[in-house]
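What follows is one structure encoded as structure tokens, with my remarks underneath.
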Amino acid sequence: MSRQAGQNFNKFVHWGRNVVAVGRNYRDHCAELGHAVPTKPLLFMKPPSSYLEEGSGPIVIPRGCRSCHHEVELGVVIGSVCGDVHEDDVMPRVAGYALALDMTARDFQEEAKKSGGPWTMAKCFDTALPVSRFISAKELSDPSGVKLWCKVNEEMRQNGSTADMVFNIPYLISYISQYFTLHPGDLVLTGTPAGVGPVHPGDVISAGLGDLITMKFTVAQKE
Ligand SMILES: O=C(O)/C=C/C(=O)CC(=O)C(=O)O
Ligand SMILES: [Mg+2]
């Protein structure tokens with residue numbers, strides 16, 4: 001895919017497609033939140049309306065939220081239809097990647113977990129999905145051992161590697177595709193490593209993926 005095609009794909013990705021997120025996919029993150037390591041992928045969705053492109057404004061902590069956490073993640077951008085795809089056939093169907101923050105209203109999530117309700121209020125608010133530019137599969141030929149990090153006000157908070165995923169990318173996409181079909185432009189968030197924590201209005205979050213990408217977002221509070 002040419003650079004121009006990649007940029008176009010990026011726009012397409014941002015404004016229309018499904019976002020499937022995987023939770024508890026790193027052992028160290030399960031440990032920090034006191035959860036057992038899952039035996040099958042834990043899935044939830046984020047809406048396309050939660051996308052936030054770098055340079056287009058701040059991450060806005062939702063009204064009433066007292067604990068909004070950063071979660072740095074590798075996003076996988078689907079390039080061709082995946083319906084009931086075998087693990088061995090997944091990677092040719094990946095168009096590329098994006099670095100993402102799965103911003104999470106942790107207090108809303110705790111409330112939902114207590115009541116047995118869905119995580120919608122915690123995960124789906126406007127600006128809850130800051131993303132980098134599109135990274136083509138050619139640029140990142142091996143996503144299975146790439147470093148990902150997140151700093152808040154220059155302090156390192158998360159410093160992990162995709163090598164430590166519980167379920168790897170082919171397995172995750174094959175698994176998801178057995179239940180619902182993934183289409184070009186859909187994004188799969190692959191979970192976060194340890195070190196998640198709160199951000200506050202005025203903070204600057206920066207994040208990086210290997211030596212390919214760095215991105216920066218400021219934080220604001222919805223009145
Ligand atoms: O189980 C919890 O308390 C929280 C789980 C998450 O927010 C899951 C993720 O989004 C993740 O692991 O990346
Ligand atoms: Mg997450």
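Ordering of the structure tokens sets the chain letters (A, B, ...), residue numbers begin anew at 1 in every chain, and ligands are numbered from 1 in the order given.
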
Which residues are near ligand 2 - at most 10 Å, using only C-alpha atoms and all ligand atoms? Format: as a PyMOL selection string. chain A and resi 21-25+29+43-44+69-74+100-104+123+189-193+196

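For A:Cys82, the list of residues within 10 Å, based on only C-alpha atoms and with local chain neighbours fewer than 5 positions off taken out, reads A:Asp89, A:Val90, A:Arg93, A:Val94, A:Ile173, A:Ser174, A:Ile176, A:Ser177, A:Gln178, A:Phe180, A:Thr181, A:Leu182, A:His183, A:Pro184.
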
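Put simply, atom CA of A:Thr214 is 7.8 Å away from atom CA of A:Ser132.
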
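When only C-alpha atoms are used to measure the gap to A:Glu154, the shortest distance among A:Gly117, A:Gly197, A:Val131, A:Asp203 belongs to A:Asp203.
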
Please identify which residues in stretch 44-209 of chain A DSSP calls helix (DSSP H, G or I) from the backbone, and express them as a PyMOL selection string. chain A and resi 48-50+87-89+91-93+106-115+120-123+143-145+162-164+169-177

Could you write those residues out with C-alpha atoms, as a short mmCIF file (atom, residue, chain, number, x, y, z; two decimals), in the first residue's frame?
```cif
data_model
loop_
_atom_site.label_atom_id
_atom_site.label_comp_id
_atom_site.auth_asym_id
_atom_site.auth_seq_id
_atom_site.Cartn_x
_atom_site.Cartn_y
_atom_site.Cartn_z
CA PRO A 48 -16.28 5.05 15.82
CA SER A 49 -17.50 8.31 17.40
CA SER A 50 -14.87 7.84 20.13
CA GLU A 87 -5.34 -18.41 12.33
CA ASP A 88 -2.93 -19.22 9.49
CA ASP A 89 -4.93 -17.04 7.11
CA MET A 91 -2.04 -11.97 8.66
CA PRO A 92 -2.54 -11.52 4.89
CA ARG A 93 -5.88 -9.92 5.77
CA ARG A 106 -12.36 3.48 35.61
CA ASP A 107 -14.86 4.62 38.24
CA PHE A 108 -17.72 4.14 35.75
CA GLN A 109 -16.31 0.71 34.91
CA GLU A 110 -16.14 -0.30 38.59
CA GLU A 111 -19.76 0.77 39.01
CA ALA A 112 -20.76 -1.29 35.96
CA LYS A 113 -18.84 -4.31 37.18
CA LYS A 114 -20.58 -4.14 40.56
CA SER A 115 -24.03 -3.99 39.00
CA THR A 120 -20.39 1.29 27.65
CA MET A 121 -20.20 4.40 29.85
CA ALA A 122 -16.60 3.59 30.76
CA LYS A 123 -15.22 2.92 27.31
CA PRO A 143 3.85 -6.93 15.18
CA SER A 144 4.53 -9.81 17.58
CA GLY A 145 7.44 -8.27 19.49
CA THR A 162 3.33 -7.08 22.30
CA ALA A 163 5.35 -10.28 22.83
CA ASP A 164 3.58 -10.52 26.20
CA ILE A 169 -3.04 -11.35 16.85
CA PRO A 170 -3.80 -14.33 14.57
CA TYR A 171 -5.57 -16.11 17.41
CA LEU A 172 -7.61 -13.03 18.40
CA ILE A 173 -8.77 -12.21 14.90
CA SER A 174 -9.55 -15.82 14.09
CA TYR A 175 -11.53 -16.08 17.35
CA ILE A 176 -13.50 -12.88 16.76
CA SER A 177 -14.22 -13.88 13.16
#
```

Shell of 9 Å around A:Gly55, only C-alpha atoms, local chain residues under 2 positions omitted, as a CSV table (one decimal) with N, CA and C atoms, in the first residue's frame:
```
chain,number,residue,atom,x,y,z
A,52,LEU,N,-10.2,9.9,18.2
A,52,LEU,CA,-9.7,11.2,18.3
A,52,LEU,C,-8.3,11.2,17.6
A,53,GLU,N,-8.2,12.0,16.5
A,53,GLU,CA,-7.0,12.1,15.8
A,53,GLU,C,-6.0,13.0,16.5
A,57,GLY,N,-7.6,18.0,19.0
A,57,GLY,CA,-8.2,18.5,20.2
A,57,GLY,C,-7.8,17.6,21.4
A,58,PRO,N,-8.2,17.9,22.6
A,58,PRO,CA,-7.8,17.1,23.8
A,58,PRO,C,-8.7,15.9,24.0
A,216,LYS,N,1.0,12.4,20.8
A,216,LYS,CA,0.8,13.3,22.0
A,216,LYS,C,-0.6,13.8,22.1
A,217,PHE,N,-1.2,13.8,23.3
A,217,PHE,CA,-2.5,14.3,23.5
A,217,PHE,C,-2.6,15.1,24.8
```

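Considering only C-alpha atoms and all ligand atoms, the residue among A:Met215, A:Met165, A:Val204, A:Ala98 positioned nearest to ligand 1 is A:Met165.
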
Residue neighbourhood A:Gln221, 6 Å, only C-alpha atoms, exclusion window fewer than 5 positions, as a ChimeraX atom specification: /A:60-61,201

Residues from last step as file, all heavy atoms, as an mmCIF file, in the first residue's frame:
```cif
data_model
loop_
_atom_site.group_PDB
_atom_site.id
_atom_site.type_symbol
_atom_site.label_atom_id
_atom_site.label_comp_id
_atom_site.auth_asym_id
_atom_site.auth_seq_id
_atom_site.Cartn_x
_atom_site.Cartn_y
_atom_site.Cartn_z
ATOM 1 N N VAL A 60 -11.165 14.409 26.360
ATOM 2 C CA VAL A 60 -12.060 15.094 27.305
ATOM 3 C C VAL A 60 -12.625 14.062 28.293
ATOM 4 O O VAL A 60 -13.391 13.175 27.908
ATOM 5 C CB VAL A 60 -13.198 15.829 26.565
ATOM 6 C CG1 VAL A 60 -14.076 16.566 27.569
ATOM 7 C CG2 VAL A 60 -12.623 16.809 25.545
ATOM 8 N N ILE A 61 -12.206 14.194 29.534
ATOM 9 C CA ILE A 61 -12.718 13.305 30.591
ATOM 10 C C ILE A 61 -14.222 13.543 30.720
ATOM 11 O O ILE A 61 -14.660 14.698 30.808
ATOM 12 C CB ILE A 61 -12.005 13.611 31.932
ATOM 13 C CG1 ILE A 61 -10.486 13.366 31.799
ATOM 14 C CG2 ILE A 61 -12.590 12.778 33.070
ATOM 15 C CD1 ILE A 61 -9.662 13.848 32.995
ATOM 16 N N PRO A 201 -6.966 16.915 34.112
ATOM 17 C CA PRO A 201 -6.982 18.046 33.177
ATOM 18 C C PRO A 201 -5.630 18.757 33.173
ATOM 19 O O PRO A 201 -5.048 18.990 34.240
ATOM 20 C CB PRO A 201 -8.086 18.950 33.727
ATOM 21 C CG PRO A 201 -8.968 18.046 34.525
ATOM 22 C CD PRO A 201 -8.089 16.962 35.072
#
```

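Nearest to ligand 1 of all the residues A:Val77, A:Met156, A:Ala31, A:Ile213 is A:Ala31, counting only C-alpha atoms and all ligand atoms.
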
Would you list, as a PyMOL selection string, the residues of stretch 18-75 of chain A that end up in strand (DSSP E or B) under DSSP run on this structure's backbone? chain A and resi 19-23+26+42-46+51-53+59-61+68-70+72-75

Go ahead and compute the interatomic distance for atom CA of A:Arg27 and atom CA of A:Val188, in Å to one decimal. 18.9 Å

For ligand 1, the closest of A:Lys147, A:Lys222, A:Lys46, A:His86 counting only C-alpha atoms and all ligand atoms is A:Lys46

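Minimum atom-to-atom distances from A:Gly208, A:Pro118, A:Gly79, A:Gly202 to ligand 1 were compared using only C-alpha atoms and all ligand atoms, and the lowest value belongs to A:Pro118.
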
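Distances here use only C-alpha atoms and all ligand atoms; by that measure, the residue among A:Glu54, A:Asp142, A:Asp84, A:Glu32 closest to ligand 1 is A:Glu32.
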
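The two atoms in question, atom CA of A:Tyr26 and atom CA of A:Ala207, are spaced 17.7 Å apart.
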
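Within the 7 Å cut-off around A:Asn18, using only C-alpha atoms and omitting residues fewer than 3 positions from it on the same chain, the listed residues are Pro47, Pro48, Asp186 and Leu187 of chain A.
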